[in-house]
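Heads up, start39.cif below (mmCIF, C-alpha atoms):
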```
data_run
loop_
_atom_site.label_atom_id
_atom_site.label_comp_id
_atom_site.auth_asym_id
_atom_site.auth_seq_id
_atom_site.Cartn_x
_atom_site.Cartn_y
_atom_site.Cartn_z
CA MET X 1 -10.81 37.46 9.83
CA SER X 2 -11.82 33.81 9.60
CA ILE X 3 -9.09 31.27 8.92
CA ASN X 4 -9.54 28.53 6.34
CA THR X 5 -9.32 25.30 8.33
CA GLY X 6 -9.63 23.03 5.30
CA ILE X 7 -6.90 20.73 4.02
CA PRO X 8 -5.60 20.27 0.46
CA LYS X 9 -7.70 18.11 -1.85
CA GLY X 10 -6.52 14.53 -1.98
CA THR X 11 -5.29 14.55 1.65
CA ARG X 12 -7.10 13.43 4.79
CA ASP X 13 -7.16 13.65 8.56
CA PHE X 14 -7.44 10.31 10.36
CA SER X 15 -9.49 10.04 13.54
CA PRO X 16 -8.40 7.74 16.41
CA ALA X 17 -10.90 5.11 15.23
CA GLU X 18 -9.55 5.29 11.69
CA MET X 19 -5.97 5.14 12.92
CA MET X 20 -6.68 1.97 14.89
CA ARG X 21 -8.02 0.38 11.72
CA ARG X 22 -5.09 1.63 9.63
CA ASN X 23 -2.63 0.30 12.21
CA TYR X 24 -4.38 -3.07 12.00
CA ILE X 25 -3.58 -3.10 8.26
CA PHE X 26 0.01 -1.92 8.77
CA ASP X 27 0.64 -4.42 11.58
CA THR X 28 -0.82 -7.33 9.59
CA ILE X 29 1.32 -6.53 6.55
CA LYS X 30 4.41 -5.88 8.65
CA ASP X 31 4.04 -9.22 10.48
CA ILE X 32 3.97 -11.10 7.15
CA PHE X 33 7.01 -9.17 5.85
CA ARG X 34 8.94 -10.09 9.00
CA LEU X 35 7.83 -13.71 8.74
CA TYR X 36 9.57 -13.87 5.36
CA ALA X 37 12.74 -12.31 6.89
CA TYR X 38 12.54 -8.88 5.24
CA GLN X 39 14.14 -5.98 7.11
CA PRO X 40 12.75 -2.45 7.67
CA LEU X 41 14.05 0.62 5.83
CA GLU X 42 13.05 4.29 5.62
CA THR X 43 14.08 7.00 3.16
CA PRO X 44 13.44 10.79 3.27
CA SER X 45 10.09 12.24 2.24
CA MET X 46 11.89 14.39 -0.32
CA GLU X 47 14.48 13.42 -2.90
CA ASN X 48 16.55 15.40 -5.36
CA LEU X 49 14.35 16.13 -8.37
CA SER X 50 17.00 14.59 -10.64
CA THR X 51 16.62 11.30 -8.74
CA LEU X 52 12.91 11.06 -9.57
CA MET X 53 12.50 12.61 -13.02
CA GLY X 54 12.55 10.28 -16.02
CA LYS X 55 11.82 7.12 -14.00
CA TYR X 56 8.02 6.99 -14.29
CA GLY X 57 7.31 7.85 -17.90
CA GLU X 58 5.97 11.13 -19.27
CA GLU X 59 2.65 10.91 -17.41
CA GLY X 60 4.31 9.95 -14.14
CA ASP X 61 6.80 12.81 -14.33
CA ARG X 62 3.91 15.29 -14.58
CA LEU X 63 2.50 13.98 -11.30
CA ILE X 64 5.63 14.60 -9.22
CA PHE X 65 5.14 17.24 -6.50
CA LYS X 66 8.08 19.62 -6.91
CA ILE X 67 9.40 21.79 -4.06
CA LEU X 68 10.42 25.40 -4.70
CA ASN X 69 14.02 26.23 -3.82
CA SER X 70 14.47 28.05 -0.53
CA GLY X 71 14.86 31.81 -0.51
CA ASP X 72 14.68 33.72 -3.79
CA PHE X 73 13.90 30.82 -6.12
CA LEU X 74 13.70 33.20 -9.11
CA ALA X 75 17.29 34.40 -8.64
CA GLY X 76 19.30 33.99 -11.83
CA LEU X 77 16.19 33.32 -13.91
CA ASP X 78 15.35 35.55 -16.87
CA CYS X 79 11.72 36.27 -15.97
CA SER X 80 11.11 38.06 -19.29
CA LYS X 81 11.43 34.73 -21.09
CA LEU X 82 9.26 32.64 -18.75
CA SER X 83 6.35 32.61 -21.21
CA GLU X 84 8.62 31.15 -23.89
CA GLN X 85 9.62 28.12 -21.82
CA SER X 86 7.69 24.97 -20.97
CA PRO X 87 6.58 24.44 -17.35
CA SER X 88 8.87 21.40 -17.08
CA LYS X 89 11.94 23.41 -18.06
CA ILE X 90 11.04 26.21 -15.65
CA SER X 91 10.48 23.76 -12.78
CA THR X 92 13.97 22.27 -13.14
CA LYS X 93 15.44 25.75 -12.68
CA ILE X 94 13.43 26.74 -9.59
CA CYS X 95 13.03 23.30 -7.97
CA GLU X 96 15.91 21.08 -6.89
CA LYS X 97 13.86 18.74 -4.69
CA ALA X 98 10.53 16.89 -4.87
CA LEU X 99 8.29 14.72 -2.70
CA ARG X 100 8.82 11.06 -3.46
CA TYR X 101 6.44 9.58 -6.04
CA ASP X 102 6.92 5.99 -4.89
CA LEU X 103 9.22 3.96 -2.66
CA THR X 104 10.99 1.93 -5.36
CA VAL X 105 13.13 4.64 -6.99
CA PRO X 106 14.33 5.99 -3.60
CA PHE X 107 15.10 2.37 -2.68
CA ALA X 108 17.25 1.98 -5.80
CA ARG X 109 19.02 5.23 -4.94
CA TYR X 110 19.66 3.92 -1.42
CA ILE X 111 21.10 0.67 -2.79
CA VAL X 112 23.60 2.54 -4.97
CA GLN X 113 24.53 4.99 -2.23
CA HIS X 114 25.10 2.23 0.36
CA LYS X 115 26.24 -0.64 -1.90
CA ASN X 116 29.43 -1.24 0.11
CA GLU X 117 27.43 -1.73 3.34
CA ILE X 118 24.84 -4.13 1.93
CA THR X 119 24.88 -7.92 1.74
CA PHE X 120 23.21 -9.10 -1.47
CA PRO X 121 20.59 -10.34 -2.07
CA PHE X 122 19.11 -7.55 0.07
CA ARG X 123 15.58 -7.99 1.42
CA ARG X 124 13.76 -4.90 2.69
CA TYR X 125 10.29 -3.68 3.52
CA GLN X 126 9.24 -0.05 3.72
CA ILE X 127 5.97 1.50 4.95
CA GLN X 128 5.81 5.25 4.29
CA PRO X 129 3.67 7.90 2.56
CA VAL X 130 4.13 8.98 -1.06
CA TRP X 131 2.71 11.94 -2.98
CA ARG X 132 1.29 12.31 -6.49
CA ALA X 133 -0.26 15.41 -8.07
CA ASP X 134 -3.16 13.35 -9.38
CA ARG X 135 -6.84 14.27 -9.69
CA PRO X 136 -8.47 13.14 -6.41
CA GLN X 137 -11.28 10.60 -6.76
CA LYS X 138 -12.58 7.49 -5.02
CA GLY X 139 -9.64 5.28 -4.12
CA ARG X 140 -7.10 7.79 -5.51
CA TYR X 141 -5.41 10.32 -3.24
CA ARG X 142 -2.58 12.82 -3.51
CA GLU X 143 -1.03 11.62 -0.28
CA PHE X 144 -1.18 7.93 0.51
CA TYR X 145 0.79 5.12 2.13
CA GLN X 146 2.58 2.33 0.34
CA CYS X 147 3.76 -0.87 1.98
CA ASP X 148 6.63 -2.15 -0.17
CA VAL X 149 8.60 -5.37 0.00
CA ASP X 150 11.54 -5.97 -2.36
CA VAL X 151 14.49 -8.28 -2.84
CA ILE X 152 17.39 -6.95 -4.91
CA GLY X 153 20.64 -8.50 -6.11
CA THR X 154 19.33 -11.72 -7.69
CA HIS X 155 17.67 -12.78 -10.96
CA SER X 156 16.09 -15.88 -9.36
CA LEU X 157 12.43 -16.42 -10.26
CA LEU X 158 11.97 -17.97 -6.81
CA CYS X 159 11.61 -14.35 -5.67
CA GLU X 160 8.53 -13.85 -7.86
CA MET X 161 7.03 -17.01 -6.36
CA GLU X 162 7.78 -15.81 -2.82
CA LEU X 163 6.14 -12.45 -3.46
CA MET X 164 3.02 -14.26 -4.68
CA ARG X 165 3.00 -16.16 -1.39
CA ILE X 166 3.37 -12.94 0.59
CA ILE X 167 0.43 -11.43 -1.29
CA ASP X 168 -1.60 -14.58 -0.62
CA ASP X 169 -0.72 -14.55 3.10
CA VAL X 170 -1.43 -10.83 3.59
CA PHE X 171 -4.88 -10.91 2.02
CA GLY X 172 -5.64 -14.23 3.68
CA LYS X 173 -4.96 -12.64 7.07
CA LEU X 174 -7.05 -9.59 6.11
CA ASN X 175 -9.90 -11.88 4.96
CA VAL X 176 -10.04 -10.33 1.48
CA PRO X 177 -10.27 -12.87 -1.39
CA VAL X 178 -8.20 -11.57 -4.31
CA GLN X 179 -7.19 -12.39 -7.85
CA ILE X 180 -3.53 -11.92 -8.81
CA HIS X 181 -2.99 -10.79 -12.41
CA LEU X 182 0.42 -11.74 -13.79
CA ASN X 183 2.29 -10.83 -16.98
CA ASN X 184 5.84 -10.19 -18.18
CA ARG X 185 7.14 -7.01 -19.82
CA LYS X 186 9.30 -9.17 -22.13
CA ILE X 187 6.09 -10.62 -23.53
CA LEU X 188 4.87 -7.08 -24.23
CA THR X 189 8.16 -6.38 -26.00
CA GLY X 190 7.56 -9.50 -28.07
CA ILE X 191 4.06 -8.29 -28.96
CA ALA X 192 5.46 -4.92 -30.09
CA ASP X 193 7.96 -6.83 -32.26
CA ALA X 194 5.26 -9.12 -33.64
CA ILE X 195 3.03 -6.28 -34.83
CA GLY X 196 5.97 -4.47 -36.42
CA HIS X 197 6.21 -1.54 -34.03
CA SER X 198 9.05 -2.32 -31.61
CA GLU X 199 9.97 1.38 -31.65
CA LYS X 200 6.52 2.17 -30.21
CA PHE X 201 6.87 -0.13 -27.20
CA LEU X 202 6.28 2.59 -24.57
CA ASP X 203 3.31 4.02 -26.48
CA ILE X 204 1.78 0.55 -26.75
CA THR X 205 2.23 -0.36 -23.08
CA THR X 206 1.01 3.06 -21.90
CA ALA X 207 -2.13 2.69 -24.01
CA ILE X 208 -3.08 -0.91 -23.22
CA ASP X 209 -2.46 -0.26 -19.51
CA LYS X 210 -5.65 1.85 -19.74
CA LEU X 211 -7.70 -0.91 -21.41
CA GLU X 212 -9.82 -1.72 -18.36
CA LYS X 213 -10.50 1.96 -17.63
CA ILE X 214 -11.31 3.35 -21.09
CA GLY X 215 -12.06 0.29 -23.23
CA GLU X 216 -10.74 -1.10 -26.50
CA GLU X 217 -12.15 1.66 -28.72
CA LYS X 218 -10.43 4.49 -26.83
CA VAL X 219 -7.16 2.54 -26.64
CA THR X 220 -7.34 2.03 -30.40
CA GLU X 221 -7.81 5.78 -30.91
CA GLU X 222 -4.79 6.49 -28.74
CA LEU X 223 -2.63 3.97 -30.62
CA LEU X 224 -3.66 5.45 -33.96
CA SER X 225 -2.72 8.90 -32.69
CA LYS X 226 0.73 7.52 -31.78
CA GLY X 227 1.35 6.39 -35.36
CA LEU X 228 0.40 2.69 -35.29
CA THR X 229 -1.32 1.37 -38.38
CA ALA X 230 -4.82 -0.09 -38.28
CA ALA X 231 -3.42 -3.45 -39.41
CA ALA X 232 -0.89 -3.50 -36.58
CA ILE X 233 -3.58 -2.64 -34.02
CA GLU X 234 -5.77 -5.46 -35.31
CA LYS X 235 -2.83 -7.87 -34.83
CA LEU X 236 -2.42 -6.51 -31.31
CA TRP X 237 -6.05 -7.21 -30.39
CA LYS X 238 -5.88 -10.75 -31.80
CA ILE X 239 -2.94 -11.45 -29.48
CA VAL X 240 -4.50 -9.76 -26.44
CA ARG X 241 -7.76 -11.70 -26.95
CA ILE X 242 -6.04 -15.12 -26.72
CA ASP X 243 -8.12 -17.10 -24.22
CA GLY X 244 -7.94 -20.30 -22.20
CA SER X 245 -6.10 -21.51 -19.10
CA ASN X 246 -2.82 -19.92 -18.03
CA ASP X 247 -0.86 -22.76 -19.65
CA ASP X 248 -3.00 -22.65 -22.82
CA LYS X 249 -2.49 -18.91 -23.28
CA LEU X 250 1.28 -19.16 -22.78
CA GLU X 251 1.55 -21.97 -25.31
CA ALA X 252 -0.67 -20.13 -27.81
CA LEU X 253 1.49 -16.99 -27.50
CA LYS X 254 4.53 -18.85 -28.79
CA VAL X 255 3.11 -18.73 -32.31
CA PRO X 256 2.72 -14.96 -32.85
CA LEU X 257 5.87 -14.29 -30.77
CA SER X 258 7.98 -16.97 -32.51
CA SER X 259 10.30 -14.41 -34.13
CA SER X 260 10.97 -12.48 -30.89
CA ASP X 261 13.66 -13.98 -28.65
CA THR X 262 12.73 -11.49 -25.92
CA GLY X 263 9.06 -12.43 -26.11
CA LEU X 264 9.83 -16.16 -25.95
CA LEU X 265 12.08 -15.55 -22.93
CA GLY X 266 9.19 -13.79 -21.20
CA ILE X 267 6.93 -16.77 -21.88
CA SER X 268 9.56 -19.15 -20.49
CA GLU X 269 9.96 -17.05 -17.33
CA LEU X 270 6.22 -17.02 -16.68
CA GLN X 271 5.99 -20.77 -17.24
CA THR X 272 8.70 -21.23 -14.59
CA VAL X 273 6.87 -18.97 -12.13
CA PHE X 274 3.59 -20.83 -12.70
CA SER X 275 5.35 -24.17 -12.18
CA TYR X 276 6.55 -22.91 -8.78
CA LEU X 277 3.09 -21.63 -7.92
CA ASN X 278 1.48 -24.96 -8.77
CA ASP X 279 3.40 -26.49 -5.85
CA CYS X 280 2.49 -23.71 -3.38
CA GLY X 281 -1.20 -24.32 -2.83
CA LEU X 282 -2.13 -20.63 -2.90
CA ARG X 283 -5.63 -19.68 -1.79
CA SER X 284 -5.68 -16.80 -4.28
CA GLU X 285 -6.42 -17.22 -7.97
CA VAL X 286 -3.45 -16.30 -10.21
CA SER X 287 -4.37 -15.32 -13.76
CA PHE X 288 -2.08 -14.71 -16.74
CA ASP X 289 -3.27 -11.35 -18.10
CA ILE X 290 -1.81 -10.53 -21.54
CA SER X 291 -3.13 -6.96 -21.42
CA LEU X 292 -1.51 -6.14 -18.07
CA ALA X 293 1.22 -3.59 -18.75
CA ARG X 294 1.93 -1.54 -15.58
CA GLY X 295 2.68 2.03 -16.63
CA LEU X 296 6.03 2.45 -14.89
CA ASN X 297 8.95 2.33 -17.32
CA TYR X 298 11.44 0.65 -15.00
CA TYR X 299 9.74 -2.78 -15.06
CA THR X 300 11.59 -5.28 -17.27
CA GLY X 301 10.27 -8.74 -16.34
CA ALA X 302 7.34 -10.18 -14.39
CA ILE X 303 4.62 -7.67 -13.49
CA PHE X 304 1.60 -8.23 -11.28
CA GLU X 305 -1.52 -6.51 -9.98
CA VAL X 306 -3.96 -7.63 -7.31
CA LYS X 307 -7.69 -6.94 -7.25
CA ALA X 308 -10.31 -7.72 -4.62
CA LYS X 309 -12.84 -10.26 -5.88
CA GLU X 310 -15.85 -9.06 -3.87
CA VAL X 311 -15.71 -5.34 -4.64
CA ASN X 312 -14.82 -3.38 -7.77
CA PHE X 313 -12.02 -1.16 -6.53
CA GLY X 314 -9.20 -1.32 -9.05
CA SER X 315 -5.73 -2.48 -8.11
CA ILE X 316 -4.96 -2.73 -4.39
CA CYS X 317 -1.44 -4.14 -4.80
CA GLY X 318 1.07 -4.31 -7.64
CA GLY X 319 4.70 -4.65 -8.58
CA GLY X 320 7.22 -6.35 -10.78
CA ARG X 321 10.81 -7.14 -11.77
CA TYR X 322 13.24 -4.32 -12.60
CA ASP X 323 16.70 -5.13 -14.02
CA ASP X 324 18.02 -1.67 -14.85
CA LEU X 325 16.81 0.68 -12.13
CA THR X 326 20.07 0.92 -10.16
CA GLY X 327 21.92 1.27 -13.48
CA ILE X 328 20.32 4.70 -13.84
CA PHE X 329 22.34 5.68 -10.77
CA GLY X 330 25.56 4.02 -11.95
CA LEU X 331 25.27 0.49 -10.50
CA ASN X 332 24.69 -2.01 -13.31
CA ASP X 333 23.48 -5.62 -13.31
CA VAL X 334 21.62 -5.47 -9.97
CA SER X 335 18.20 -6.97 -10.61
CA GLY X 336 15.35 -6.59 -8.16
CA VAL X 337 11.68 -7.45 -7.79
CA GLY X 338 9.04 -6.19 -5.40
CA VAL X 339 5.39 -5.48 -4.67
CA SER X 340 3.62 -2.51 -3.16
CA PHE X 341 0.47 -2.82 -1.05
CA GLY X 342 -1.81 0.24 -1.26
CA ALA X 343 -2.82 0.67 2.39
CA ASP X 344 -5.43 3.33 1.66
CA ARG X 345 -7.23 1.27 -0.96
CA ILE X 346 -7.04 -1.82 1.24
CA TYR X 347 -8.65 0.26 4.01
CA ASP X 348 -11.49 1.28 1.69
CA VAL X 349 -12.02 -2.35 0.61
CA LEU X 350 -12.11 -3.63 4.20
CA ASN X 351 -14.47 -0.81 5.16
CA GLU X 352 -16.85 -1.53 2.28
CA LEU X 353 -16.83 -5.26 3.04
CA ASN X 354 -17.16 -4.63 6.80
CA ARG X 355 -14.15 -6.89 7.46
CA PHE X 356 -12.40 -4.94 10.21
CA PRO X 357 -12.22 -6.97 13.46
CA ALA X 358 -14.35 -5.54 16.27
CA GLU X 359 -11.31 -4.83 18.45
CA THR X 360 -9.99 -2.31 15.93
CA SER X 361 -12.93 -0.01 16.76
CA ALA X 362 -12.29 0.29 20.50
CA GLY X 363 -9.57 1.88 22.58
CA ALA X 364 -9.91 1.06 26.28
CA ARG X 365 -11.46 -2.22 27.38
CA ILE X 366 -12.51 -0.81 30.74
CA LEU X 367 -13.27 2.64 32.18
CA PHE X 368 -12.86 3.27 35.91
CA ALA X 369 -15.56 5.61 37.15
CA ASN X 370 -14.43 8.55 39.28
CA PHE X 371 -16.22 9.20 42.59
CA GLY X 372 -13.52 11.56 43.92
CA GLY X 373 -11.78 11.49 47.31
CA ALA X 374 -10.59 8.18 48.75
CA GLU X 375 -12.48 6.22 46.09
CA GLU X 376 -10.57 8.05 43.36
CA ARG X 377 -7.19 7.22 44.94
CA TYR X 378 -8.17 3.59 45.44
CA SER X 379 -9.42 3.34 41.84
CA LEU X 380 -6.09 4.69 40.59
CA LYS X 381 -4.35 1.73 42.25
CA MET X 382 -6.78 -0.68 40.61
CA LEU X 383 -6.28 1.08 37.26
CA ASP X 384 -2.55 0.59 37.55
CA TYR X 385 -3.01 -3.08 38.46
CA VAL X 386 -5.28 -3.72 35.45
CA ARG X 387 -2.83 -2.05 33.06
CA LYS X 388 -0.04 -4.27 34.39
CA GLN X 389 -2.15 -7.24 33.23
CA ASP X 390 -1.80 -5.81 29.71
CA ILE X 391 -5.41 -4.59 29.55
CA ARG X 392 -6.14 -1.21 27.97
CA ALA X 393 -7.81 0.92 30.63
CA GLU X 394 -8.49 4.53 31.59
CA MET X 395 -10.19 6.48 34.39
CA TYR X 396 -12.65 9.32 33.96
CA PRO X 397 -10.72 12.48 34.93
CA GLU X 398 -13.44 14.12 37.06
CA ALA X 399 -15.95 13.12 39.72
CA ALA X 400 -18.89 13.75 37.39
CA LYS X 401 -22.41 12.33 37.46
CA MET X 402 -22.55 8.66 36.50
CA LYS X 403 -24.87 9.42 33.58
CA LYS X 404 -22.12 11.54 32.04
CA GLN X 405 -19.45 8.90 32.70
CA PHE X 406 -21.60 6.13 31.19
CA ALA X 407 -22.26 8.30 28.13
CA TYR X 408 -18.50 8.81 27.77
CA ALA X 409 -17.95 5.03 27.79
CA ASP X 410 -20.74 4.53 25.24
CA ASN X 411 -19.39 7.17 22.87
CA LYS X 412 -15.91 5.62 22.99
CA ASN X 413 -17.18 2.02 22.61
CA ILE X 414 -15.68 1.02 25.96
CA PRO X 415 -17.38 -2.28 26.82
CA PHE X 416 -16.95 -2.23 30.64
CA VAL X 417 -17.22 0.38 33.40
CA ALA X 418 -15.69 -0.35 36.82
CA MET X 419 -17.22 1.40 39.87
CA ILE X 420 -15.51 1.39 43.25
CA GLY X 421 -17.32 2.96 46.21
CA SER X 422 -16.76 2.61 49.96
CA GLU X 423 -18.43 -0.83 50.07
CA GLU X 424 -16.27 -2.17 47.22
CA MET X 425 -13.16 -0.76 48.88
CA ALA X 426 -14.02 -2.54 52.12
CA ASN X 427 -14.60 -5.85 50.32
CA HIS X 428 -11.68 -5.49 47.86
CA SER X 429 -14.13 -5.88 44.99
CA ILE X 430 -15.32 -3.99 41.92
CA SER X 431 -18.83 -3.31 40.67
CA LEU X 432 -18.55 -4.03 36.94
CA LYS X 433 -21.13 -2.94 34.35
CA ASN X 434 -21.25 -4.50 30.90
CA MET X 435 -22.13 -1.59 28.60
CA LEU X 436 -23.30 -3.93 25.83
CA THR X 437 -25.79 -6.00 27.88
CA GLY X 438 -26.48 -3.62 30.77
CA ASP X 439 -25.61 -6.41 33.23
CA GLN X 440 -23.96 -5.20 36.47
CA ARG X 441 -22.45 -7.27 39.27
CA THR X 442 -19.93 -7.00 42.07
CA ILE X 443 -16.93 -9.31 41.68
CA LYS X 444 -13.31 -9.70 42.77
CA VAL X 445 -10.51 -7.99 40.85
CA GLU X 446 -9.20 -11.33 39.56
CA GLU X 447 -12.59 -12.11 37.99
CA VAL X 448 -12.62 -8.68 36.36
CA ILE X 449 -9.29 -9.47 34.68
CA LYS X 450 -10.72 -12.70 33.23
CA LEU X 451 -13.89 -11.04 31.98
CA VAL X 452 -12.28 -7.97 30.45
CA SER X 453 -9.15 -9.49 28.85
#
```
Give the structure from the file, written as C-alpha cells.
Amino acid sequence: MSINTGIPKGTRDFSPAEMMRRNYIFDTIKDIFRLYAYQPLETPSMENLSTLMGKYGEEGDRLIFKILNSGDFLAGLDCSKLSEQSPSKISTKICEKALRYDLTVPFARYIVQHKNEITFPFRRYQIQPVWRADRPQKGRYREFYQCDVDVIGTHSLLCEMELMRIIDDVFGKLNVPVQIHLNNRKILTGIADAIGHSEKFLDITTAIDKLEKIGEEKVTEELLSKGLTAAAIEKLWKIVRIDGSNDDKLEALKVPLSSSDTGLLGISELQTVFSYLNDCGLRSEVSFDISLARGLNYYTGAIFEVKAKEVNFGSICGGGRYDDLTGIFGLNDVSGVGVSFGADRIYDVLNELNRFPAETSAGARILFANFGGAEERYSLKMLDYVRKQDIRAEMYPEAAKMKKQFAYADNKNIPFVAMIGSEEMANHSISLKNMLTGDQRTIKVEEVIKLVS
C-alpha cells in the first residue's frame, strides 16, 4: 500500500536554501528589535480555546484551528442532538484547546498571568508560527510565522512613533521600499457616529476593511445587508473620499466628525503622531488612510498597515493600539501597541524582487576534496584550521573521482574547492579552485583564508 507523502494545504516544507533566506529575514528583524531594547518572549503553540474565542471578530473566530479533546471527546455529549446544534456550539464541547491565531492575544494572556513579575512598560518581541483555517492562496497560508514587537503598560504616543521607526529600519535593511498606511479606530468610531449608525460600528469596519479587495460597490452591498441606509452609506463614502495631504485630510475630517468627541480625539492623536514623525526623517512614506480599518476587534487607537511599493502583494506588516485586551482577562487599564511583520509575505516579496543577498544562497564557502589516506587526514587538520577562522567549510566524505566532487560543489553553490595532494602536503600549501571563474592556483593556507573569507 502506498503512503500519501503530501502535506496539508496551506503548509510548506522549507529546503536548506529557503531556510537560509528565511533566517536572513528573522535575523534582520531580530537585530532591529534588539537595537530598540525589546526582549524575547515565547508562548505555547496551543492556548485554551476560551482564551482565543471572541477576540478576533466573527470571521476570525471561524478561522481558529480547534484541537479535539484527548481520549473519548464525545463522552457526555448527546450525539442524537448533534444535527440540531451549530458547529460552534459543538466545538466548544469537544475542544478545550486551539492553535494560536496570532501572537497578540497570547501575549495579553501572558501579561495578566505574570503581572506581578513584570516591570511596566514591558517591551517584548516574539517570533513564532501561528495557524489560521483560511483558504490557501498566493501570500496566504494556514501556517505562517509572525514577528511581533509590542510595548504594553503606557498610553504614550511616542510608542507609535517608535514602531514607525522600527518598520522603517527593518524594511530599509531588507532593501524593500514601503508605504506605511496609518489610521485611528477612534476616527472610525467618529465616522459611525457621524453617519448615524454608531451601533453598527463593527459591521462598518468589517466591511470597509475589504474595500481594496472587493471594491466600493461590493462594500456598499454588504453595508446595505447589515441594515445601513443608502443615505448613511453615501455620507460614509463622502468622508472616506476626503483627499489631500495628511494634514489636510485630518483638518477636513474635523467638520463631519465635529459632534463626535471620540472621533475628534482620534484626529488629535494622529496629528500628534505625525508631528513626531515629521522630526524623524523616515525613508518610508507614511500615508493617512481613512478607509484603513484592520479587522481585529481589539484595536482601539492607532492602526497601521505596510505595503511594498514595488510589488502588489497586500499587507506585509500591520498592527495598532489596544487599550482593553488585558481587561478581557481581568487586568484593566493596561494599554499596549504593537506591530507584526509577516515573515512569509516578506520572503515572497524579496524573492519576487530578487533582493536576497548572494550569501543567503550558499552554505559552505569552501569544500576540501578527499583523496583518501594520508591526504585525507592532513586535509581534516586544514579543515579544522579554516573553521577556527570562522569560515564555513566541509570536506567531501569519500575519496571519489574529482568530477563527482566538483559537481557536488557546483550543486551546493560552494565557491571554492581546496585540493591537498602529496606535493601540497610537502609544501604546506593548498591547490585552490575558484568554481565561479575556473581559476586554479597553489597558495599558502594564510592566502586561502584571505581569499575565502
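With all atoms listed in the file as the atoms that count, the minimum distance from Gly281 in chain X to the choices X:Arg165, X:Arg321, X:Lys254, X:Arg109 is reached by X:Arg165.
Proximity of X:Ser422, X:Gln405, X:Ser156, X:Asn413 to Val334 in chain X, computed with only C-alpha atoms, is greatest for X:Ser156.
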Please enumerate the residues selected by the PyMOL selection byres ((chain X and resi 386) around 12) when evaluated against the supplied file, formatted as number ranges by chain. X: 364-368, 379-385, 387-395, 418, 430, 445-453
Using only C-alpha atoms, find the one residue out of X:Lys200, X:Lys307, X:Lys55, X:Lys66 that sits nearest to Trp131 in chain X. X:Lys66
Need to verify the contact set: Arg62 in chain X, 10 Å, only C-alpha atoms, exclusion of same-chain residues closer than 2 positions in sequence. Can you return it as a list in words? Met53, Tyr56, Gly57, Glu58, Glu59, Gly60, Ile64, Phe65, Lys66, Pro87, Ser88, Arg132, Ala133 and Asp134 of chain X
Could you list the residues chosen by the PyMOL selection byres ((chain X and resi 11) around 7) in this structure as an NGL selection string? :X and (7-10 or 12 or 141-143)
On this structure, the PyMOL selection byres ((chain X and resi 347-357) around 10) would catch which residues? List them as an MDAnalysis selection string, sorted by chain and number. chainID X and resid 18 21:22 24:25 138:139 174:176 308 310:313 316 342:346 358:361
Please provide as a list of chain:residue names all residues within 10 Å of Asp289 in chain X, with the sequence filter that same-chain residues fewer than 3 positions apart are discarded (counting all atoms listed in the file). X:Ile180, X:His181, X:Leu182, X:Asn183, X:Asn184, X:Val240, X:Arg241, X:Ile242, X:Asp243, X:Asn246, X:Lys249, X:Val286, X:Leu292, X:Ala293, X:Ile303, X:Phe304, X:Glu305
